[in-house]
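Notes follow the structure.
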Protein chains: 2
Amino acid sequence: MPTSRTTATALNSYAYGQWYAGKGDGIILQDASTGQAVATIDATGLDYQAMLGYARDKGGPALRAMTFHQRALLLKSLGLHLMANKEAFYALSTATGATRTDSWIDIEGGISTLLSYGSKGRRELPNTQLLMDGDVEPLSKDNSFAALHLLSPMEGVAVHINAYNFPCWGMLEKLAPTLLAGLPAIIKPASQTAYLTELMVRHIIESGILPEGSLQLICGSTGDLLDHVGPQDTVTFTGSAATGHHLKSNRNIIANATRFTMEADSLNATILGTDVNAGSEEFELCVREIVREMTSKTGQKCTAIRRVLAPADRVEELMQAVVQKLEAVPIGLPNDENVKMGPVASLAQRQEVLENIEALKTEARVVTANPEAVPLVSGNAADGAFLKPVLLHCEKPQEATKVHAVEAFGPVCTVMPYEHLDDAASLVRRGEGSLVASVFTNDTEVARELVTRLAPWHGRVLIGNRRSAKTSTGHGSPLPMLTHGGPGRAGGGEELGGIRAVKHYLQRTAIQGTPDMLSAVAGRWISGASTKTDAKRHPFRKSLAELEIGDAVLTERRTVTLDDIEHFAHFTGDTFYAHMDEAAAKANPFFEGRVAHGYLIVSFAAGLFVDPDVGPVLANYGVDNLRFMAPVNPDDSLQVMLVCKEINPRENEDYGEVRWDCTVRNQDEQIVAHYDVLTLVAKTLH
Amino acid sequence: MPTSRTTATALNSYAYGQWYAGKGDGIILQDASTGQAVATIDATGLDYQAMLGYARDKGGPALRAMTFHQRALLLKSLGLHLMANKEAFYALSTATGATRTDSWIDIEGGISTLLSYGSKGRRELPNTQLLMDGDVEPLSKDNSFAALHLLSPMEGVAVHINAYNFPCWGMLEKLAPTLLAGLPAIIKPASQTAYLTELMVRHIIESGILPEGSLQLICGSTGDLLDHVGPQDTVTFTGSAATGHHLKSNRNIIANATRFTMEADSLNATILGTDVNAGSEEFELCVREIVREMTSKTGQKCTAIRRVLAPADRVEELMQAVVQKLEAVPIGLPNDENVKMGPVASLAQRQEVLENIEALKTEARVVTANPEAVPLVSGNAADGAFLKPVLLHCEKPQEATKVHAVEAFGPVCTVMPYEHLDDAASLVRRGEGSLVASVFTNDTEVARELVTRLAPWHGRVLIGNRRSAKTSTGHGSPLPMLTHGGPGRAGGGEELGGIRAVKHYLQRTAIQGTPDMLSAVAGRWISGASTKTDAKRHPFRKSLAELEIGDAVLTERRTVTLDDIEHFAHFTGDTFYAHMDEAAAKANPFFEGRVAHGYLIVSFAAGLFVDPDVGPVLANYGVDNLRFMAPVNPDDSLQVMLVCKEINPRENEDYGEVRWDCTVRNQDEQIVAHYDVLTLVAKTLH
């Protein structure tokens, strides 16, 4: 359909602190349903090297100067700001062919990913600039040499090359962990739907929430961008395997070992369990899920179900049930409230889907009636990229190749029979690695057998049954807290998965040195490092403003008597034989006689180290990694060393968390218990 | 030097369960010192695809059928077996040019890596076939839908392509995490020193310790091997950047998203701190380290110091001190006890080093006298690949490029001046990513500033000072428990680092479903899953043989009185104001009045859940993740739910660890405390 150049907005890039209009004429982007011009796109003349430099020199340092909690709060502010403006995005989103429900996944799903990282960042990360990864590794017997692993933000930029199907979510799901890690980003949306990404980026930039340089946008070609990425940069790609492989092989990316994350084709499968008969709840759930995955976003989801595996004797019933529901799906204009499925994103995309259906038809027959005729409840079939859902049936899937390899990126799915669970697992593996698989079963053994076999080949596996019918988030939904990505054909990448995704932008470094050196570098007290005791001032008397790591108290000694043990046993009711019966305790392989309760040791320890008066310490909210290292026998004498280990002020509270290293020793200086005491401490004295 | 074909052993490959002699004539491998033929190498005719198939079909399933602890015990057995036979390896190692000390790093360093993983595998991993990664993610309010992440062994093979400098360690450091993960390996050593690898593989195969198919060896070319790796395989490469980039770009590796780990060139730096003056202990340590790194393995270590950065006014003194020590290093035959430095591995290697020195000389002058004349204490300079250590001085390193890019893989190092710490950090970064850097300083602030700037560009950073002079493991030593690998030029790979390295061979998969489904798949009880209580039989009465996950006890209730709190406070000495003073407690932002001690809650909880009689439960060895979720006020009534969560039998003991989920609720069913109780339980009842 011809469109005039004048009706369309020219999309701008946002580069080195300004909006940039391409020097060329631009390519016209059309509304998926009407073919009308929505925008033109062109980035001719952009200085890509300058964009990388701007991100590295301006955005990176600004973000790295902040702590994880401060960056998490940026994400929260940004999420709330975008949510408040969401209707602007919904209004434009229909041009992509998305119904309101489809747009919800893209727009609110994306924004909620920002919010989720905003929340996780403050809940699961310390309020620091560097992360410690794992435990301290002692490297000498006298504790003069040790090591730890640090995770620090890379000093480069994250280049995110995104697919057309999720112009908002696709950007935000990558942006959230990137910014939380402290890296600036350059976003390159796929042209077809870039107008929606551009609109959202305009809202982000105009909000002023992000430090300048932390977000740039390319509307148009990436030009020579990838020829200038370096060893501290990351490139992520979502899209077709062919393009992805081309980018991943870029000489510069290879030579610099630039981190490259890819998410590409995926022949996701769902499996109807051997225990599931027609008419059962799991059968209905499976049918509903297949129909939803075929029609949601008009099947344009990388996670959509492409292959359905059913026990051979249930294939017919399953196909009938699916076809019946598919026939009832109203197709038409995405802004028509009655419509459940809009067009695919473009006529070119429709053409590609039709060609892929032809390829699948060499191995499978079409089950749905009249696949060519698209019954529209609104809109004009000649103008829009409308498609009717197409269900195929492949009778001999073990002999087929295309049904396991050709991803028709639209409302298309192939049903195939299997004989037994082994057979089902081997068919799924023929996809050569996928983003997600689902299993519908109400039998835990069927679930265990299938899921453990599918796991190495997938980034996510969902089990559906009646108990989770109402609460399941569904086969096709990546979630911020769960890994998204799959091995092999799916690209081998890993996105999301909560804080795991943040680590993709951090460099892990082993640091070796004396405990004092390690403490200085890591900003937390390390076992063996110097401590500061002050007989005149217990560390519980210090607010966060005064407290320092290494501040410590070495307590008086307390002897544990047999009477204490007896008394504690009867007071608490814990009369376990090892505390009460000398002979029985002796017979135990770990004890030489009656021992004190572990809980008695920690209770006495608290009695020794607590400073009781009102002060900045507000509460003991927990204990971590408590280990009883040696038995305490009657008349052993205990002494406690309590050292301030980590200080984490809360950004928006007048207190913070303080972690204390607590070591309880006996009269022979042997450690009998070791643990972390967790307290809440006020920022200032009142 | 001419050598006759007949004197040399033909190295065999070990493929599909048999030793295989190449069909070709083979290439002659020469002794580094004498030029005499040691062996010939050729793999002509190997069926590489069959090797991959054999590993995947035979080795993989055998290894995956074992648990992590069982595989860790394999590593231990293998390590002990090789250690018992170490003299055979030492005897052959001299042919590579290695002195006894050099060989120790390679042979015993390699074997101890096996032993280290054998030990870590049993200490840090559960005795299961699958790992859980991170916490359960609740996905519904009613706990009917949740998720967790599993790590499962990939179903492929690990192809390890190794460098010539560490024929034993290079193999074993990769093999240890591979086998522990449950993957079979195909080893391809660099030809020059493959005879030593072959000898060690013979010992491994003949020991019968590893399941058949879990280890294969290629002596010679990899042929078309990489054209057949798939989506579940991993390829690791150690060697030159040029070869590495070629392999990483292999179309098949790209298309299958085959995991690829590379460790290549690295211009590792050491920095003399601004605080360190000539004659100080750190100055001497730095000098000693430079000399050691230049001469150990004749500088043929990927981690060796290639660049030395010193404050401009201390460069001369530092160079003089280094040269003086270098002059005193006796060079000669590696089996000569007086010799501290042998030849490089081959004449070709020597030629390459000399060419690289020429390149460096365009930007730096040679400081050492008479670099061409090699003074030998034994051996013949004409026959062997002997080199004299060469120290260079680059006066304007900010203007230079080659000193930051050319890795002369021998006893060669360039000293350069810096002005201030910023300058030093920027010079180090010019290496574009390295395996390791070291900093010599006795000032924690200098250490902190430098290390945090260097960390994103390195896989390891070592701080050297007087306190760790005797215990430091040194700049050049990768350790099993520390990450080895670096970003950018260093290849971007990550090896070792303890259990982290095992995860490189596991696939992470998010699993979603009901808690019961997740429990069945993960083999551990998940919050919200079914529990089994038996009023007639407390779970403490069950041995590991009878105990099942989900076995539980719901206790009686106990009311906490004000008297209890008073009594506990005075008994333990913990008279913290929140327990004792109603008004002061009320003023605390978290409490509404006097609260029970956290330690009182867990003590009463134990009194409620413990079954006191002699039985299979042997000890409570610890508590994890204890969180006090809500205050307990006087007259609140507590009830405990204790559920068996994880069962980990020890392979070589008659007991195992049992982890119990412990939830303490008040009269309103509100959770007041949640934690894991850790116990040791006998495998059988006596």
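Residue names in the structure tokens use chain letters A, B, ... in the order shown, residue numbers from 1 in each chain, and ligand numbers from 1 in the order shown.
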Subject >> Interface, chain B side, toward chain A (6 Å; only C-alpha atoms) as a PyMOL selection string >> reply: chain B and resi 144-145+152+154+231+249+256-257+444+448+455-456+459-463+468+482-483+488-489+491-492+507+509-513+517+520-521+572-577+599+603-604+606-607+612-614+621-628
Original post:
Running DSSP on the backbone, which parts of range 410-583 of chain B land in strand (DSSP E), as a ChimeraX atom specification?
Top reply: /B:412-418,434-440,458-464,483-484,495-496,506-513,532-533,551-559
Original post:
Which residue gives the smallest distance to Asp106 in chain A among A:Pro177, A:Glu212, A:Tyr16, A:Gln300, with only C-alpha atoms counted?
Top reply: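 Of the candidates, the smallest distance to Asp106 in chain A is held by A:Gln300.
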Using only C-alpha atoms, find each residue in range 417-472 of chain A having at least one atom no more than 9 Å away from range 390-412 of chain A; report its shortest atom-to-atom pair and that distance in Å (one decimal), rows by chain then rising number, as CSV.
residue,atom,partner,partner_atom,distance
A:Pro417,CA,A:Glu395,CA,6.6
A:Tyr418,CA,A:Pro397,CA,8.4
A:Asp423,CA,A:Gln398,CA,8.7
A:Ser426,CA,A:Gln398,CA,8.6
A:Leu427,CA,A:Gln398,CA,6.7
A:Val428,CA,A:His404,CA,8.1
A:Arg429,CA,A:His404,CA,8.8
A:Arg430,CA,A:His404,CA,5.9
A:Gly431,CA,A:His404,CA,4.9
A:Glu432,CA,A:His404,CA,8.2
Residues as selected, N, CA and C atoms, written as a compact mmCIF listing (two decimals), in the first residue's frame, can you do that?
# COMPACT_ATOMS: atom_id res chain seq x y z
N PRO A 417 2.95 -37.08 17.66
CA PRO A 417 2.72 -38.15 18.65
C PRO A 417 4.04 -38.64 19.27
N TYR A 418 3.94 -39.16 20.49
CA TYR A 418 5.09 -39.88 21.05
C TYR A 418 4.61 -41.17 21.67
N ASP A 423 10.89 -41.40 24.38
CA ASP A 423 10.61 -40.94 23.03
C ASP A 423 10.29 -39.44 23.04
N SER A 426 13.41 -37.43 23.64
CA SER A 426 14.33 -37.40 22.50
C SER A 426 13.76 -36.52 21.39
N LEU A 427 12.45 -36.47 21.23
CA LEU A 427 11.85 -35.56 20.24
C LEU A 427 12.09 -34.09 20.62
N VAL A 428 11.90 -33.82 21.87
CA VAL A 428 12.11 -32.41 22.30
C VAL A 428 13.55 -32.00 22.03
N ARG A 429 14.49 -32.89 22.33
CA ARG A 429 15.91 -32.58 22.12
C ARG A 429 16.23 -32.32 20.65
N ARG A 430 15.40 -32.85 19.75
CA ARG A 430 15.64 -32.61 18.32
C ARG A 430 15.59 -31.12 17.99
N GLY A 431 15.00 -30.33 18.87
CA GLY A 431 15.00 -28.87 18.70
C GLY A 431 16.39 -28.28 18.91
N GLU A 432 17.32 -29.06 19.39
CA GLU A 432 18.73 -28.65 19.54
C GLU A 432 18.92 -27.50 20.53
Residue contacts of Ala381 in chain A (10 Å, only C-alpha atoms) excluding same-chain residues fewer than 5 positions away, as a CSV table (one decimal) with all heavy atoms, in the first residue's frame:
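Generated file (out-v4.csv):
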chain,number,residue,atom,x,y,z
A,33,SER,N,-1.8,-3.2,10.7
A,33,SER,CA,-3.2,-3.5,10.4
A,33,SER,C,-3.6,-2.7,9.1
A,33,SER,O,-4.4,-3.2,8.3
A,33,SER,CB,-4.1,-3.2,11.5
A,33,SER,OG,-3.7,-3.7,12.7
A,34,THR,N,-3.2,-1.5,9.0
A,34,THR,CA,-3.7,-0.6,7.9
A,34,THR,C,-2.7,-0.3,6.8
A,34,THR,O,-3.1,0.2,5.8
A,34,THR,CB,-4.1,0.7,8.5
A,34,THR,OG1,-3.0,1.4,9.0
A,34,THR,CG2,-5.1,0.5,9.7
A,332,GLY,N,-8.8,-9.4,14.0
A,332,GLY,CA,-9.1,-8.1,13.5
A,332,GLY,C,-8.2,-7.0,13.9
A,332,GLY,O,-7.0,-7.2,14.3
A,343,PRO,N,-2.9,-8.5,13.7
A,343,PRO,CA,-2.0,-9.0,12.6
A,343,PRO,C,-0.6,-9.3,13.1
A,343,PRO,O,-0.3,-8.9,14.2
A,343,PRO,CB,-2.0,-7.8,11.6
A,343,PRO,CG,-2.2,-6.6,12.5
A,343,PRO,CD,-3.1,-7.1,13.6
A,373,ALA,N,-7.9,-18.4,4.1
A,373,ALA,CA,-9.0,-17.4,4.3
A,373,ALA,C,-9.0,-16.9,5.7
A,373,ALA,O,-9.2,-17.6,6.6
A,373,ALA,CB,-10.3,-18.0,4.0
A,374,VAL,N,-8.7,-15.6,5.9
A,374,VAL,CA,-8.6,-15.0,7.3
A,374,VAL,C,-10.0,-14.3,7.6
A,374,VAL,O,-10.3,-13.3,7.0
A,374,VAL,CB,-7.5,-14.0,7.4
A,374,VAL,CG1,-7.3,-13.7,8.9
A,374,VAL,CG2,-6.2,-14.6,6.9
A,375,PRO,N,-10.8,-14.9,8.5
A,375,PRO,CA,-12.1,-14.3,8.8
A,375,PRO,C,-11.9,-13.1,9.8
A,375,PRO,O,-11.5,-13.3,10.9
A,375,PRO,CB,-12.8,-15.4,9.5
A,375,PRO,CG,-11.8,-16.3,10.1
A,375,PRO,CD,-10.5,-16.0,9.4
A,376,LEU,N,-12.0,-11.9,9.3
A,376,LEU,CA,-11.8,-10.7,10.1
A,376,LEU,C,-13.1,-10.1,10.7
A,376,LEU,O,-14.1,-10.1,10.1
A,376,LEU,CB,-11.1,-9.6,9.3
A,376,LEU,CG,-9.7,-9.8,8.8
A,376,LEU,CD1,-9.2,-8.6,8.1
A,376,LEU,CD2,-8.8,-10.2,9.9
A,386,PHE,N,-2.6,-9.8,8.4
A,386,PHE,CA,-3.4,-10.7,9.1
A,386,PHE,C,-3.1,-12.2,8.7
A,386,PHE,O,-2.8,-12.4,7.6
A,386,PHE,CB,-4.9,-10.4,8.9
A,386,PHE,CG,-5.3,-9.1,9.5
A,386,PHE,CD1,-5.5,-8.0,8.6
A,386,PHE,CD2,-5.5,-8.9,10.8
A,386,PHE,CE1,-5.8,-6.7,9.1
A,386,PHE,CE2,-5.8,-7.6,11.3
A,386,PHE,CZ,-6.0,-6.6,10.4
A,387,LEU,N,-3.2,-13.0,9.7
A,387,LEU,CA,-3.0,-14.5,9.5
A,387,LEU,C,-4.0,-15.2,10.3
A,387,LEU,O,-4.4,-14.8,11.3
A,387,LEU,CB,-1.6,-14.9,9.9
A,387,LEU,CG,-0.4,-14.7,9.0
A,387,LEU,CD1,0.9,-14.9,9.8
A,387,LEU,CD2,-0.4,-15.7,7.9
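We find CA of Asn338 in chain B and CA of Ala304 in chain B to be spaced 22.8 Å apart.
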Subject >> Residues of range 437-560 of chain A in helix (DSSP H, G or I), written as a ChimeraX atom specification >> reply: /A:444-457,466-468,488-490,499-503,515-522,539-541
Subject >> All residues 10 Å or closer to Ile187 in chain B, only C-alpha atoms, same chain fewer than 5 positions away omitted, as a VMD selection string >> reply: chain B and resid 13 to 14 158 to 162 170 to 172 174 to 175 197 to 198 201 215 to 219 222 236
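In this structure, CA of Leu115 in chain A sits 14.9 Å away from CA of Asn85 in chain A.
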Excluding Tyr90 in chain B and residues on its chain fewer than 4 positions from it, collect all residues at most 10 Å away from it, counting only C-alpha atoms, and give them as a PDB file with all heavy atoms, in the first residue's frame.
ATOM      1  N   ASN B  85      52.719 -42.163  41.422  1.00  0.00           N
ATOM      2  CA  ASN B  85      53.531 -42.444  40.229  1.00  0.00           C
ATOM      3  C   ASN B  85      54.260 -41.210  39.711  1.00  0.00           C
ATOM      4  O   ASN B  85      54.721 -41.192  38.568  1.00  0.00           O
ATOM      5  CB  ASN B  85      52.637 -43.006  39.117  1.00  0.00           C
ATOM      6  CG  ASN B  85      52.130 -44.399  39.454  1.00  0.00           C
ATOM      7  OD1 ASN B  85      52.821 -45.382  39.228  1.00  0.00           O
ATOM      8  ND2 ASN B  85      50.935 -44.473  40.036  1.00  0.00           N
ATOM      9  N   LYS B  86      54.379 -40.192  40.557  1.00  0.00           N
ATOM     10  CA  LYS B  86      54.844 -38.901  40.042  1.00  0.00           C
ATOM     11  C   LYS B  86      56.254 -38.932  39.465  1.00  0.00           C
ATOM     12  O   LYS B  86      56.561 -38.188  38.536  1.00  0.00           O
ATOM     13  CB  LYS B  86      54.742 -37.832  41.133  1.00  0.00           C
ATOM     14  CG  LYS B  86      55.692 -38.021  42.300  1.00  0.00           C
ATOM     15  CD  LYS B  86      55.495 -36.928  43.349  1.00  0.00           C
ATOM     16  CE  LYS B  86      56.478 -37.135  44.493  1.00  0.00           C
ATOM     17  NZ  LYS B  86      56.316 -36.136  45.545  1.00  0.00           N
ATOM     18  N   THR B  94      61.801 -33.379  32.146  1.00  0.00           N
ATOM     19  CA  THR B  94      63.021 -32.624  31.832  1.00  0.00           C
ATOM     20  C   THR B  94      63.163 -32.412  30.332  1.00  0.00           C
ATOM     21  O   THR B  94      63.731 -31.409  29.897  1.00  0.00           O
ATOM     22  CB  THR B  94      64.288 -33.337  32.349  1.00  0.00           C
ATOM     23  OG1 THR B  94      64.297 -34.666  31.856  1.00  0.00           O
ATOM     24  CG2 THR B  94      64.344 -33.332  33.860  1.00  0.00           C
ATOM     25  N   ALA B  95      62.646 -33.322  29.538  1.00  0.00           N
ATOM     26  CA  ALA B  95      62.736 -33.164  28.073  1.00  0.00           C
ATOM     27  C   ALA B  95      62.055 -31.879  27.606  1.00  0.00           C
ATOM     28  O   ALA B  95      62.402 -31.313  26.574  1.00  0.00           O
ATOM     29  CB  ALA B  95      62.120 -34.369  27.377  1.00  0.00           C
ATOM     30  N   ALA B  98      61.993 -28.300  31.555  1.00  0.00           N
ATOM     31  CA  ALA B  98      61.583 -27.915  32.909  1.00  0.00           C
ATOM     32  C   ALA B  98      62.568 -28.419  33.958  1.00  0.00           C
ATOM     33  O   ALA B  98      62.956 -29.593  33.938  1.00  0.00           O
ATOM     34  CB  ALA B  98      60.191 -28.476  33.199  1.00  0.00           C
ATOM     35  N   THR B  99      62.952 -27.528  34.879  1.00  0.00           N
ATOM     36  CA  THR B  99      63.733 -27.947  36.041  1.00  0.00           C
ATOM     37  C   THR B  99      62.805 -28.708  36.987  1.00  0.00           C
ATOM     38  O   THR B  99      61.584 -28.752  36.774  1.00  0.00           O
ATOM     39  CB  THR B  99      64.283 -26.726  36.800  1.00  0.00           C
ATOM     40  OG1 THR B  99      63.168 -25.971  37.297  1.00  0.00           O
ATOM     41  CG2 THR B  99      65.121 -25.830  35.887  1.00  0.00           C
ATOM     42  N   ARG B 100      63.382 -29.279  38.036  1.00  0.00           N
ATOM     43  CA  ARG B 100      62.553 -29.995  39.023  1.00  0.00           C
ATOM     44  C   ARG B 100      61.466 -29.059  39.594  1.00  0.00           C
ATOM     45  O   ARG B 100      60.316 -29.450  39.741  1.00  0.00           O
ATOM     46  CB  ARG B 100      63.441 -30.520  40.166  1.00  0.00           C
ATOM     47  CG  ARG B 100      62.712 -31.266  41.268  1.00  0.00           C
ATOM     48  CD  ARG B 100      62.618 -32.758  40.998  1.00  0.00           C
ATOM     49  NE  ARG B 100      61.702 -33.425  41.924  1.00  0.00           N
ATOM     50  CZ  ARG B 100      61.394 -34.715  41.873  1.00  0.00           C
ATOM     51  NH1 ARG B 100      61.918 -35.499  40.945  1.00  0.00           N
ATOM     52  NH2 ARG B 100      60.554 -35.253  42.736  1.00  0.00           N
ATOM     53  N   THR B 101      61.847 -27.830  39.873  1.00  0.00           N
ATOM     54  CA  THR B 101      60.880 -26.872  40.417  1.00  0.00           C
ATOM     55  C   THR B 101      59.791 -26.552  39.389  1.00  0.00           C
ATOM     56  O   THR B 101      58.609 -26.485  39.719  1.00  0.00           O
ATOM     57  CB  THR B 101      61.599 -25.570  40.829  1.00  0.00           C
ATOM     58  OG1 THR B 101      62.666 -25.906  41.709  1.00  0.00           O
ATOM     59  CG2 THR B 101      60.650 -24.607  41.514  1.00  0.00           C
ATOM     60  N   ASP B 102      60.210 -26.349  38.134  1.00  0.00           N
ATOM     61  CA  ASP B 102      59.226 -26.102  37.086  1.00  0.00           C
ATOM     62  C   ASP B 102      58.258 -27.288  36.964  1.00  0.00           C
ATOM     63  O   ASP B 102      57.046 -27.115  36.834  1.00  0.00           O
ATOM     64  CB  ASP B 102      59.918 -25.930  35.723  1.00  0.00           C
ATOM     65  CG  ASP B 102      60.777 -24.673  35.647  1.00  0.00           C
ATOM     66  OD1 ASP B 102      60.568 -23.754  36.462  1.00  0.00           O
ATOM     67  OD2 ASP B 102      61.657 -24.615  34.761  1.00  0.00           O
ATOM     68  N   SER B 103      58.826 -28.489  37.013  1.00  0.00           N
ATOM     69  CA  SER B 103      58.002 -29.691  36.863  1.00  0.00           C
ATOM     70  C   SER B 103      57.047 -29.848  38.038  1.00  0.00           C
ATOM     71  O   SER B 103      55.930 -30.344  37.877  1.00  0.00           O
ATOM     72  CB  SER B 103      58.895 -30.933  36.771  1.00  0.00           C
ATOM     73  OG  SER B 103      59.692 -30.882  35.617  1.00  0.00           O
ATOM     74  N   TRP B 104      57.505 -29.405  39.195  1.00  0.00           N
ATOM     75  CA  TRP B 104      56.659 -29.496  40.387  1.00  0.00           C
ATOM     76  C   TRP B 104      55.358 -28.721  40.160  1.00  0.00           C
ATOM     77  O   TRP B 104      54.263 -29.200  40.463  1.00  0.00           O
ATOM     78  CB  TRP B 104      57.414 -28.941  41.599  1.00  0.00           C
ATOM     79  CG  TRP B 104      56.617 -28.986  42.869  1.00  0.00           C
ATOM     80  CD1 TRP B 104      56.483 -30.049  43.703  1.00  0.00           C
ATOM     81  CD2 TRP B 104      55.833 -27.925  43.412  1.00  0.00           C
ATOM     82  NE1 TRP B 104      55.663 -29.717  44.753  1.00  0.00           N
ATOM     83  CE2 TRP B 104      55.245 -28.425  44.602  1.00  0.00           C
ATOM     84  CE3 TRP B 104      55.564 -26.613  43.030  1.00  0.00           C
ATOM     85  CZ2 TRP B 104      54.410 -27.644  45.399  1.00  0.00           C
ATOM     86  CZ3 TRP B 104      54.730 -25.831  43.817  1.00  0.00           C
ATOM     87  CH2 TRP B 104      54.165 -26.346  44.987  1.00  0.00           C
ATOM     88  N   ASP B 106      53.937 -28.065  37.364  1.00  0.00           N
ATOM     89  CA  ASP B 106      53.139 -28.745  36.350  1.00  0.00           C
ATOM     90  C   ASP B 106      52.546 -30.049  36.875  1.00  0.00           C
ATOM     91  O   ASP B 106      51.341 -30.287  36.772  1.00  0.00           O
ATOM     92  CB  ASP B 106      54.034 -29.013  35.132  1.00  0.00           C
ATOM     93  CG  ASP B 106      53.264 -29.606  33.961  1.00  0.00           C
ATOM     94  OD1 ASP B 106      52.107 -29.189  33.747  1.00  0.00           O
ATOM     95  OD2 ASP B 106      53.823 -30.471  33.269  1.00  0.00           O
ATOM     96  N   ILE B 107      53.397 -30.868  37.461  1.00  0.00           N
ATOM     97  CA  ILE B 107      52.965 -32.224  37.836  1.00  0.00           C
ATOM     98  C   ILE B 107      52.200 -32.217  39.169  1.00  0.00           C
ATOM     99  O   ILE B 107      51.030 -32.584  39.228  1.00  0.00           O
ATOM    100  CB  ILE B 107      54.187 -33.158  37.921  1.00  0.00           C
ATOM    101  CG1 ILE B 107      54.823 -33.275  36.519  1.00  0.00           C
ATOM    102  CG2 ILE B 107      53.790 -34.528  38.458  1.00  0.00           C
ATOM    103  CD1 ILE B 107      56.228 -33.860  36.519  1.00  0.00           C
ATOM    104  N   GLU B 108      52.868 -31.767  40.218  1.00  0.00           N
ATOM    105  CA  GLU B 108      52.190 -31.824  41.523  1.00  0.00           C
ATOM    106  C   GLU B 108      51.135 -30.722  41.637  1.00  0.00           C
ATOM    107  O   GLU B 108      50.116 -30.895  42.308  1.00  0.00           O
ATOM    108  CB  GLU B 108      53.211 -31.783  42.656  1.00  0.00           C
ATOM    109  CG  GLU B 108      54.154 -32.982  42.559  1.00  0.00           C
ATOM    110  CD  GLU B 108      54.953 -33.245  43.819  1.00  0.00           C
ATOM    111  OE1 GLU B 108      54.378 -33.203  44.924  1.00  0.00           O
ATOM    112  OE2 GLU B 108      56.170 -33.508  43.690  1.00  0.00           O
ATOM    113  N   LEU B 196      54.428 -35.928  27.470  1.00  0.00           N
ATOM    114  CA  LEU B 196      54.207 -35.979  28.916  1.00  0.00           C
ATOM    115  C   LEU B 196      52.714 -36.136  29.223  1.00  0.00           C
ATOM    116  O   LEU B 196      52.318 -36.897  30.103  1.00  0.00           O
ATOM    117  CB  LEU B 196      54.783 -34.719  29.577  1.00  0.00           C
ATOM    118  CG  LEU B 196      54.717 -34.639  31.102  1.00  0.00           C
ATOM    119  CD1 LEU B 196      55.251 -35.900  31.768  1.00  0.00           C
ATOM    120  CD2 LEU B 196      55.482 -33.417  31.604  1.00  0.00           C
ATOM    121  N   ASN B 335      67.943 -31.031  34.269  1.00  0.00           N
ATOM    122  CA  ASN B 335      68.153 -32.083  35.269  1.00  0.00           C
ATOM    123  C   ASN B 335      69.451 -31.877  36.048  1.00  0.00           C
ATOM    124  O   ASN B 335      69.805 -32.696  36.891  1.00  0.00           O
ATOM    125  CB  ASN B 335      68.103 -33.467  34.627  1.00  0.00           C
ATOM    126  CG  ASN B 335      69.070 -33.576  33.463  1.00  0.00           C
ATOM    127  OD1 ASN B 335      69.759 -32.607  33.127  1.00  0.00           O
ATOM    128  ND2 ASN B 335      69.120 -34.747  32.845  1.00  0.00           N
TER     129      ASN B 335
END
Subject >> All residues 12 Å or closer to Val415 in chain A, only C-alpha atoms, same chain fewer than 5 positions away omitted, as a ChimeraX atom specification >> reply: /A:269-272,287,290,305-312,314-320,322-323,360,363-368,390-397,403-404,427
Contacts of Gly53 in chain B within 10 Å, only C-alpha atoms, excl. fewer than 5 positions in-chain, as an mmCIF file with C-alpha atoms, in the first residue's frame:
data_model
loop_
_atom_site.group_PDB
_atom_site.id
_atom_site.type_symbol
_atom_site.label_atom_id
_atom_site.label_comp_id
_atom_site.auth_asym_id
_atom_site.auth_seq_id
_atom_site.Cartn_x
_atom_site.Cartn_y
_atom_site.Cartn_z
ATOM 1 C CA TYR B 16 36.749 -44.963 21.515
ATOM 2 C CA TYR B 48 36.797 -37.587 15.404
ATOM 3 C CA LYS B 58 29.349 -43.983 26.907
ATOM 4 C CA GLY B 59 31.335 -41.613 29.109
ATOM 5 C CA GLY B 60 28.595 -39.073 29.711
ATOM 6 C CA GLY B 156 27.782 -33.376 25.693
ATOM 7 C CA VAL B 157 31.531 -33.603 25.835
ATOM 8 C CA GLY B 213 34.547 -43.053 27.692
ATOM 9 C CA HIS B 228 31.044 -31.901 14.797
ATOM 10 C CA VAL B 229 30.662 -30.336 18.244
#
